[in-house]
file work_14.pdb (PDB, C-alpha atoms)
ATOM      1  CA  MET A   1     -35.608 111.018   5.234
ATOM      2  CA  THR A   2     -35.969 109.278   8.595
ATOM      3  CA  VAL A   3     -38.864 107.335  10.061
ATOM      4  CA  LYS A   4     -39.433 110.315  12.359
ATOM      5  CA  ASN A   5     -39.756 112.684   9.349
ATOM      6  CA  ILE A   6     -42.463 110.489   7.833
ATOM      7  CA  ILE A   7     -44.364 110.200  11.118
ATOM      8  CA  GLU A   8     -44.248 113.989  11.525
ATOM      9  CA  GLN A   9     -45.601 114.560   8.005
ATOM     10  CA  VAL A  10     -48.365 112.024   8.588
ATOM     11  CA  GLU A  11     -49.253 113.689  11.900
ATOM     12  CA  THR A  12     -49.457 117.092  10.241
ATOM     13  CA  LEU A  13     -51.931 115.820   7.658
ATOM     14  CA  TYR A  14     -53.968 113.183   9.454
ATOM     15  CA  GLY A  15     -53.360 113.709  13.170
ATOM     16  CA  ARG A  16     -51.518 111.448  15.563
ATOM     17  CA  LYS A  17     -51.162 107.807  14.496
ATOM     18  CA  PRO A  18     -49.580 104.992  16.510
ATOM     19  CA  TYR A  19     -45.837 104.779  15.897
ATOM     20  CA  GLU A  20     -45.854 101.005  15.369
ATOM     21  CA  TYR A  21     -48.653 101.325  12.803
ATOM     22  CA  VAL A  22     -46.814 103.908  10.695
ATOM     23  CA  LYS A  23     -43.567 101.976  11.016
ATOM     24  CA  GLN A  24     -45.320  98.872   9.694
ATOM     25  CA  LEU A  25     -46.660 100.843   6.736
ATOM     26  CA  ILE A  26     -43.135 102.111   5.974
ATOM     27  CA  ASN A  27     -41.815  98.547   6.038
ATOM     28  CA  ASP A  28     -44.685  97.432   3.787
ATOM     29  CA  ALA A  29     -43.683 100.177   1.344
ATOM     30  CA  LEU A  30     -40.058  99.011   1.418
ATOM     31  CA  LEU A  31     -41.129  95.450   0.647
ATOM     32  CA  ASP A  32     -43.362  96.591  -2.193
ATOM     33  CA  ILE A  33     -40.624  98.734  -3.749
ATOM     34  CA  ALA A  34     -38.079  95.921  -3.365
ATOM     35  CA  ALA A  35     -40.371  93.588  -5.285
ATOM     36  CA  LYS A  36     -40.853  96.128  -8.073
ATOM     37  CA  LYS A  37     -37.420  97.689  -8.481
ATOM     38  CA  GLN A  38     -34.707  95.409  -7.064
ATOM     39  CA  HIS A  39     -32.385  98.346  -6.436
ATOM     40  CA  TYR A  40     -30.713  97.037  -3.334
ATOM     41  CA  THR A  41     -27.610  94.915  -3.855
ATOM     42  CA  VAL A  42     -25.656  93.292  -1.029
ATOM     43  CA  SER A  43     -22.736  90.892  -0.723
ATOM     44  CA  ALA A  44     -22.397  87.971   1.665
ATOM     45  CA  LYS A  45     -19.482  85.676   2.383
ATOM     46  CA  THR A  46     -19.426  82.178   3.783
ATOM     47  CA  ASP A  47     -16.862  79.429   4.233
ATOM     48  CA  LEU A  48     -16.350  76.910   1.444
ATOM     49  CA  ALA A  49     -16.709  73.679   3.419
ATOM     50  CA  SER A  50     -15.568  70.216   2.512
ATOM     51  CA  GLY A  51     -18.380  67.811   1.620
ATOM     52  CA  GLN A  52     -21.056  70.489   1.728
ATOM     53  CA  ARG A  53     -22.971  71.242  -1.396
ATOM     54  CA  TRP A  54     -25.806  73.465  -0.166
ATOM     55  CA  TYR A  55     -25.379  76.807   1.581
ATOM     56  CA  ASP A  56     -28.280  78.782   3.009
ATOM     57  CA  LEU A  57     -29.009  82.057   1.262
ATOM     58  CA  PRO A  58     -29.584  85.110   3.488
ATOM     59  CA  ALA A  59     -33.254  85.378   4.430
ATOM     60  CA  ARG A  60     -33.741  88.724   2.650
ATOM     61  CA  THR A  61     -32.501  87.456  -0.733
ATOM     62  CA  ILE A  62     -34.609  88.163  -3.810
ATOM     63  CA  ASP A  63     -32.245  86.647  -6.358
ATOM     64  CA  VAL A  64     -28.600  85.751  -6.816
ATOM     65  CA  ILE A  65     -26.659  88.012  -9.190
ATOM     66  CA  LYS A  66     -23.243  86.390  -9.119
ATOM     67  CA  VAL A  67     -21.096  83.991  -7.121
ATOM     68  CA  GLU A  68     -17.341  84.152  -6.662
ATOM     69  CA  ILE A  69     -14.824  81.665  -5.259
ATOM     70  CA  LEU A  70     -11.719  82.696  -3.360
ATOM     71  CA  ASP A  71      -8.662  81.727  -5.378
ATOM     72  CA  THR A  72      -5.978  80.944  -2.803
ATOM     73  CA  SER A  73      -3.441  79.656  -5.304
ATOM     74  CA  SER A  74      -1.786  83.001  -5.932
ATOM     75  CA  THR A  75       0.113  85.033  -3.343
ATOM     76  CA  THR A  76      -2.672  87.552  -3.126
ATOM     77  CA  ALA A  77      -5.961  85.718  -2.708
ATOM     78  CA  ARG A  78      -8.733  87.118  -4.842
ATOM     79  CA  TYR A  79     -12.294  86.258  -5.759
ATOM     80  CA  ASN A  80     -13.006  84.760  -9.179
ATOM     81  CA  LEU A  81     -16.413  84.691 -10.791
ATOM     82  CA  ILE A  82     -17.778  81.207 -11.404
ATOM     83  CA  PRO A  83     -20.480  80.271 -13.908
ATOM     84  CA  LYS A  84     -24.038  79.267 -13.127
ATOM     85  CA  LEU A  85     -25.165  75.821 -14.202
ATOM     86  CA  THR A  86     -28.231  76.220 -16.340
ATOM     87  CA  ASP A  87     -29.073  72.520 -16.346
ATOM     88  CA  PRO A  88     -28.051  71.180 -12.934
ATOM     89  CA  HIS A  89     -30.598  68.385 -12.970
ATOM     90  CA  LYS A  90     -29.276  67.076 -16.232
ATOM     91  CA  LEU A  91     -25.647  67.278 -15.183
ATOM     92  CA  LEU A  92     -26.255  65.764 -11.782
ATOM     93  CA  LYS A  93     -28.873  63.212 -12.679
ATOM     94  CA  SER A  94     -27.012  60.406 -10.896
ATOM     95  CA  ASP A  95     -26.367  62.495  -7.807
ATOM     96  CA  THR A  96     -28.820  61.958  -4.988
ATOM     97  CA  ASP A  97     -27.401  64.624  -2.698
ATOM     98  CA  ASP A  98     -30.242  66.917  -1.791
ATOM     99  CA  SER A  99     -30.087  66.749   1.969
ATOM    100  CA  GLY A 100     -28.297  69.950   2.838
ATOM    101  CA  THR A 101     -24.844  68.443   3.262
ATOM    102  CA  GLY A 102     -22.445  66.882   0.846
ATOM    103  CA  ASP A 103     -22.647  63.265  -0.227
ATOM    104  CA  LEU A 104     -18.951  62.611   0.016
ATOM    105  CA  THR A 105     -18.263  62.831   3.726
TER     106      THR A 105
ATOM    107  CA  MET B   1     -10.527  73.019  -5.134
ATOM    108  CA  ALA B   2      -9.837  76.637  -4.413
ATOM    109  CA  LYS B   3      -6.077  76.137  -4.647
ATOM    110  CA  ARG B   4      -6.328  75.337  -8.341
ATOM    111  CA  ASP B   5      -5.397  77.950 -10.861
ATOM    112  CA  ASN B   6      -8.375  79.593 -12.540
ATOM    113  CA  PRO B   7     -11.093  78.281 -10.213
ATOM    114  CA  ASN B   8     -13.723  79.659 -12.548
ATOM    115  CA  SER B   9     -12.877  76.766 -14.863
ATOM    116  CA  TYR B  10     -13.685  74.182 -12.211
ATOM    117  CA  TYR B  11     -16.458  75.547 -10.047
ATOM    118  CA  ALA B  12     -20.072  76.269 -10.813
ATOM    119  CA  TRP B  13     -23.188  77.161  -8.854
ATOM    120  CA  TYR B  14     -26.914  76.756  -9.024
ATOM    121  CA  ASN B  15     -29.672  77.476  -6.551
ATOM    122  CA  ASP B  16     -33.135  76.658  -5.370
ATOM    123  CA  ASP B  17     -35.429  79.037  -3.494
ATOM    124  CA  ASP B  18     -33.526  79.023  -0.211
ATOM    125  CA  ARG B  19     -30.093  77.640  -0.896
ATOM    126  CA  LEU B  20     -27.043  77.965  -3.079
ATOM    127  CA  ALA B  21     -25.185  74.896  -4.360
ATOM    128  CA  ILE B  22     -21.470  74.917  -5.167
ATOM    129  CA  VAL B  23     -20.084  72.094  -7.290
ATOM    130  CA  GLU B  24     -16.622  71.254  -8.517
ATOM    131  CA  TRP B  25     -15.541  69.680 -11.800
ATOM    132  CA  LYS B  26     -13.789  66.404 -10.961
ATOM    133  CA  THR B  27     -10.591  65.611 -12.834
ATOM    134  CA  SER B  28      -9.966  62.178 -11.331
ATOM    135  CA  THR B  29     -12.097  59.195 -10.322
ATOM    136  CA  VAL B  30     -12.229  58.110  -6.669
ATOM    137  CA  GLU B  31     -14.560  55.126  -6.489
ATOM    138  CA  ALA B  32     -14.592  54.989  -2.670
ATOM    139  CA  LYS B  33     -16.146  58.425  -2.606
ATOM    140  CA  GLY B  34     -18.348  57.976  -5.624
ATOM    141  CA  VAL B  35     -16.409  60.584  -7.558
ATOM    142  CA  THR B  36     -16.280  60.212 -11.309
ATOM    143  CA  SER B  37     -13.870  62.109 -13.455
ATOM    144  CA  GLY B  38     -15.475  64.505 -15.883
ATOM    145  CA  GLN B  39     -18.522  65.285 -13.734
ATOM    146  CA  TYR B  40     -19.539  68.025 -11.377
ATOM    147  CA  ASP B  41     -19.726  66.920  -7.765
ATOM    148  CA  THR B  42     -19.551  68.280  -4.219
ATOM    149  CA  TYR B  43     -16.340  70.035  -3.204
ATOM    150  CA  VAL B  44     -14.117  67.897  -0.963
ATOM    151  CA  ASP B  45     -10.929  69.416   0.377
ATOM    152  CA  ASP B  46      -9.763  71.905   2.981
ATOM    153  CA  THR B  47     -12.308  74.376   4.269
ATOM    154  CA  VAL B  48     -11.611  77.844   2.876
ATOM    155  CA  THR B  49     -12.588  80.677   5.223
ATOM    156  CA  ASP B  50     -14.843  83.157   3.398
ATOM    157  CA  GLY B  51     -14.311  81.032   0.299
ATOM    158  CA  ILE B  52     -17.665  81.913  -1.247
ATOM    159  CA  LYS B  53     -18.802  85.435  -2.015
ATOM    160  CA  MET B  54     -22.369  85.972  -3.196
ATOM    161  CA  THR B  55     -23.766  89.163  -4.650
ATOM    162  CA  LEU B  56     -27.510  89.362  -4.231
ATOM    163  CA  HIS B  57     -30.535  91.482  -4.895
ATOM    164  CA  SER B  58     -31.986  91.878  -1.442
ATOM    165  CA  LYS B  59     -35.051  93.253   0.234
ATOM    166  CA  TYR B  60     -34.388  96.563   1.977
ATOM    167  CA  GLU B  61     -33.450  96.473   5.644
ATOM    168  CA  SER B  62     -36.460  97.016   7.887
ATOM    169  CA  ALA B  63     -36.985 100.331   9.637
ATOM    170  CA  VAL B  64     -36.859  99.703  13.391
ATOM    171  CA  ASN B  65     -36.128 102.967  15.195
ATOM    172  CA  LEU B  66     -37.431 106.509  14.889
ATOM    173  CA  THR B  67     -34.006 107.738  13.860
ATOM    174  CA  ASP B  68     -33.528 105.124  11.122
ATOM    175  CA  ASP B  69     -32.755 106.786   7.814
ATOM    176  CA  LEU B  70     -34.371 105.233   4.757
ATOM    177  CA  GLN B  71     -31.134 105.592   2.785
ATOM    178  CA  THR B  72     -28.349 104.802   5.222
ATOM    179  CA  THR B  73     -30.206 102.278   7.386
ATOM    180  CA  CYS B  74     -32.647 100.699   4.954
ATOM    181  CA  GLY B  75     -30.703 101.101   1.697
ATOM    182  CA  LEU B  76     -33.465 102.888  -0.204
ATOM    183  CA  ASN B  77     -32.299 105.419  -2.793
ATOM    184  CA  GLU B  78     -33.102 108.977  -1.669
ATOM    185  CA  MET B  79     -35.046 109.599  -4.883
ATOM    186  CA  MET B  80     -37.648 107.086  -3.762
ATOM    187  CA  HIS B  81     -38.305 108.436  -0.269
ATOM    188  CA  SER B  82     -41.281 110.482  -1.412
ATOM    189  CA  ASN B  83     -42.804 107.283  -2.812
ATOM    190  CA  VAL B  84     -42.727 105.744   0.657
ATOM    191  CA  LEU B  85     -44.644 108.749   1.960
ATOM    192  CA  ASP B  86     -47.237 108.366  -0.815
ATOM    193  CA  TYR B  87     -47.625 104.694   0.054
ATOM    194  CA  VAL B  88     -48.077 105.451   3.760
ATOM    195  CA  LYS B  89     -50.669 108.143   2.972
ATOM    196  CA  SER B  90     -52.608 105.799   0.695
ATOM    197  CA  ARG B  91     -52.703 103.061   3.305
ATOM    198  CA  ILE B  92     -53.799 105.431   6.096
ATOM    199  CA  LEU B  93     -56.588 106.847   3.926
ATOM    200  CA  GLU B  94     -57.601 103.342   2.900
ATOM    201  CA  ASP B  95     -57.818 102.291   6.541
ATOM    202  CA  THR B  96     -59.899 105.349   7.416
ATOM    203  CA  GLY B  97     -62.330 104.609   4.599
ATOM    204  CA  ASP B  98     -61.417 107.454   2.245
ATOM    205  CA  VAL B  99     -61.055 105.188  -0.764
ATOM    206  CA  GLU B 100     -61.000 107.942  -3.380
ATOM    207  CA  LYS B 101     -58.059 109.812  -1.867
ATOM    208  CA  ALA B 102     -56.374 106.500  -1.084
ATOM    209  CA  ALA B 103     -56.581 105.553  -4.761
ATOM    210  CA  PHE B 104     -55.083 108.925  -5.710
ATOM    211  CA  PHE B 105     -52.008 108.431  -3.508
ATOM    212  CA  ARG B 106     -51.714 104.777  -4.499
ATOM    213  CA  ASN B 107     -51.693 105.778  -8.135
ATOM    214  CA  LYS B 108     -49.131 108.504  -7.420
ATOM    215  CA  TYR B 109     -46.985 105.933  -5.642
ATOM    216  CA  ASP B 110     -47.237 103.393  -8.476
ATOM    217  CA  GLN B 111     -46.415 106.015 -11.112
ATOM    218  CA  GLY B 112     -43.515 107.341  -9.048
ATOM    219  CA  VAL B 113     -41.956 103.926  -8.527
ATOM    220  CA  MET B 114     -42.301 103.140 -12.228
ATOM    221  CA  LYS B 115     -40.652 106.401 -13.299
ATOM    222  CA  LYS B 116     -37.647 106.253 -11.017
ATOM    223  CA  PRO B 117     -34.415 105.288 -12.762
ATOM    224  CA  THR B 118     -33.379 101.694 -12.536
ATOM    225  CA  ARG B 119     -30.017 100.524 -11.328
ATOM    226  CA  LYS B 120     -26.780 102.403 -11.983
ATOM    227  CA  SER B 121     -25.338  99.167 -13.349
ATOM    228  CA  GLY B 122     -27.388  99.804 -16.488
ATOM    229  CA  ILE B 123     -29.275  96.528 -16.156
ATOM    230  CA  ARG B 124     -32.849  97.190 -17.096
ATOM    231  CA  VAL B 125     -35.930  95.332 -16.030
ATOM    232  CA  LEU B 126     -38.505  94.343 -18.637
ATOM    233  CA  LEU B 127     -41.710  96.210 -17.879
ATOM    234  CA  VAL B 128     -44.714  93.987 -18.414
ATOM    235  CA  PRO B 129     -48.017  95.830 -18.251
ATOM    236  CA  GLU B 130     -50.474  94.574 -15.656
ATOM    237  CA  LEU B 131     -53.555  93.263 -17.452
TER     238      LEU B 131
END
call {"tool": "encode", "arguments": {"input": "work_14.pdb", "output": "structure tokens"}}
result
Amino acid sequence: MTVKNIIEQVETLYGRKPYEYVKQLINDALLDIAAKKQHYTVSAKTDLASGQRWYDLPARTIDVIKVEILDTSSTTARYNLIPKLTDPHKLLKSDTDDSGTGDLT
Amino acid sequence: MAKRDNPNSYYAWYNDDDRLAIVEWKTSTVEAKGVTSGQYDTYVDDTVTDGIKMTLHSKYESAVNLTDDLQTTCGLNEMMHSNVLDYVKSRILEDTGDVEKAAFFRNKYDQGVMKKPTRKSGIRVLLVPEL
């Protein structure tokens, strides 16, 4: 179903409505469904940079499912799953790096 | 670093609301850099192009053009397209003051979204009733 299909159905029932208004309602619906169902999964890649701890998440992120690191040691590079730290504050209690870049540069 | 064998033994991640942190398990102490063996710390070595791959639950892409398809452009499963229409109807009726009909379509929308199957991955979401 396209945006045009929805606008046409709305017009049939309720008469002509401004395009921008209906489009905004469609986007509101998409946001509401995303919050309730979390059906939409995407992947994103970024460079692993020296001395950088924090990497910005894409703006449309709801939550992180998994993270993989590119293993370049073998002849055919492949992504390996890495674990999530459940107690980062405990493990890194002596680490003051919270500024967006690494503390070792 | 990423050139080690079995990087999943050395790397870990955590996140806050906007950012993802990647840390590396240090196997040697380098006092000049404040690195202590046996602790997680920031990765320091060659930059690896596309070295991090994240898989995320994301909001749907916004509809921008008239020809945008809710499935191919926005990523919304085709089974849920009728729910979008119910939502739009409820909001239009709400804005025109027909609260009773608006409530009908809103209820239809809520019920429809609740009934639709969850992800194909088999991961289920705990349904907590709204009190």
call {"tool": "resolve_selection", "arguments": {"input": "work_14.pdb", "expression": "the PyMOL selection byres ((chain A and resi 54) around 7)", "output": "PyMOL selection string"}}
result
(chain A and resi 52-53+55-56+100-101) or (chain B and resi 19-22)
call {"tool": "write_last_selection", "arguments": {"input": "work_14.pdb", "atoms": "C-alpha atoms", "output": "compact mmCIF listing (two decimals), keeping the file's coordinate frame"}}
result
# COMPACT_ATOMS: atom_id res chain seq x y z
CA GLN A 52 -21.06 70.49 1.73
CA ARG A 53 -22.97 71.24 -1.40
CA TYR A 55 -25.38 76.81 1.58
CA ASP A 56 -28.28 78.78 3.01
CA GLY A 100 -28.30 69.95 2.84
CA THR A 101 -24.84 68.44 3.26
CA ARG B 19 -30.09 77.64 -0.90
CA LEU B 20 -27.04 77.96 -3.08
CA ALA B 21 -25.18 74.90 -4.36
CA ILE B 22 -21.47 74.92 -5.17
call {"tool": "residues_around", "arguments": {"input": "work_14.pdb", "residues": "Leu81 of chain A", "least_positions_apart": "6", "cutoff": "8 Å", "atoms": "all atoms listed in the file", "output": "list in words"}}
result
Lys66, Val67, Glu68 and Ile69 of chain A; Asn8 of chain B
call {"tool": "residues_around", "arguments": {"input": "work_14.pdb", "residues": "segment 52-62 of chain B", "least_positions_apart": "6", "cutoff": "7 Å", "atoms": "all atoms listed in the file", "output": "list in words"}}
result
Asn27, Leu30, Leu31, Ala34, Gln38, Tyr40, Thr41, Val42, Ser43, Ala44, Lys45, Thr46, Asp47, Leu48, Arg60, Thr61, Ile62, Asp63, Val64, Ile65, Lys66, Val67, Glu68, Ile69 and Leu70 of chain A; Thr73, Cys74, Gly75 and Leu76 of chain B
call {"tool": "resolve_selection", "arguments": {"input": "work_14.pdb", "expression": "the PyMOL selection byres ((chain B and resi 25) around 12)", "output": "PyMOL selection string"}}
result
(chain A and resi 82-83+85+91-92) or (chain B and resi 1-2+4+7-13+22-24+26-29+35-44)
call {"tool": "atom_distance", "arguments": {"input": "work_14.pdb", "atom1": "atom CA of Phe105 of chain B", "atom2": "atom CA of Val22 of chain A"}}
result
15.8 Å
call {"tool": "closest_residue", "arguments": {"input": "work_14.pdb", "among": "B:Phe104, B:Val99, B:Lys115, B:Ile92", "to": "Glu11 of chain A", "atoms": "all atoms listed in the file"}}
result
B:Ile92
call {"tool": "closest_residue", "arguments": {"input": "work_14.pdb", "among": "A:Lys36, A:Arg78, A:Lys17, A:Lys23", "to": "Met114 of chain B", "atoms": "only C-alpha atoms"}}
result
A:Lys36
call {"tool": "atom_distance", "arguments": {"input": "work_14.pdb", "atom1": "atom CA of Leu85 of chain B", "atom2": "atom CA of Arg16 of chain A"}}
result
15.5 Å
call {"tool": "closest_residue", "arguments": {"input": "work_14.pdb", "among": "B:Asp69, B:Glu78, B:Glu100, B:Asp16", "to": "Asn5 of chain A", "atoms": "only C-alpha atoms"}}
result
B:Asp69
call {"tool": "closest_residue", "arguments": {"input": "work_14.pdb", "among": "A:Thr12, A:Thr2, A:Thr75, A:Asn80", "to": "Lys89 of chain B", "atoms": "only C-alpha atoms"}}
result
A:Thr12
call {"tool": "closest_residue", "arguments": {"input": "work_14.pdb", "among": "A:Tyr21, A:Ala49, A:His89, A:Leu13", "to": "chain B", "atoms": "all atoms listed in the file"}}
result
A:Ala49
call {"tool": "resolve_selection", "arguments": {"input": "work_14.pdb", "expression": "the PyMOL selection byres ((chain B and resi 84) around 10)", "output": "list in words"}}
result
Met1, Ile6, Leu25, Ile26, Asn27, Asp28, Ala29, Leu30, Asp32 and Ile33 of chain A; Leu70, Leu76, Met80, His81, Ser82, Asn83, Leu85, Asp86, Tyr87, Val88, Lys89, Ser90, Tyr109, Gly112 and Val113 of chain B
call {"tool": "axis_aligned_box", "arguments": {"input": "work_14.pdb", "around": "segment 14-21 of chain A", "padding_each_side": "5 Å", "output": "AutoDock Vina command-line options"}}
result
--center_x -49.9 --center_y 107.4 --center_z 13.0 --size_x 18.1 --size_y 22.7 --size_z 17.1
call {"tool": "closest_residue", "arguments": {"input": "work_14.pdb", "among": "A:Ile7, A:Ser50, A:Thr76, A:Thr86", "to": "chain B", "atoms": "all atoms listed in the file"}}
result
A:Ser50
call {"tool": "atom_distance", "arguments": {"input": "work_14.pdb", "atom1": "atom CA of Gly97 of chain B", "atom2": "atom CA of Gln111 of chain B"}}
result
22.4 Å
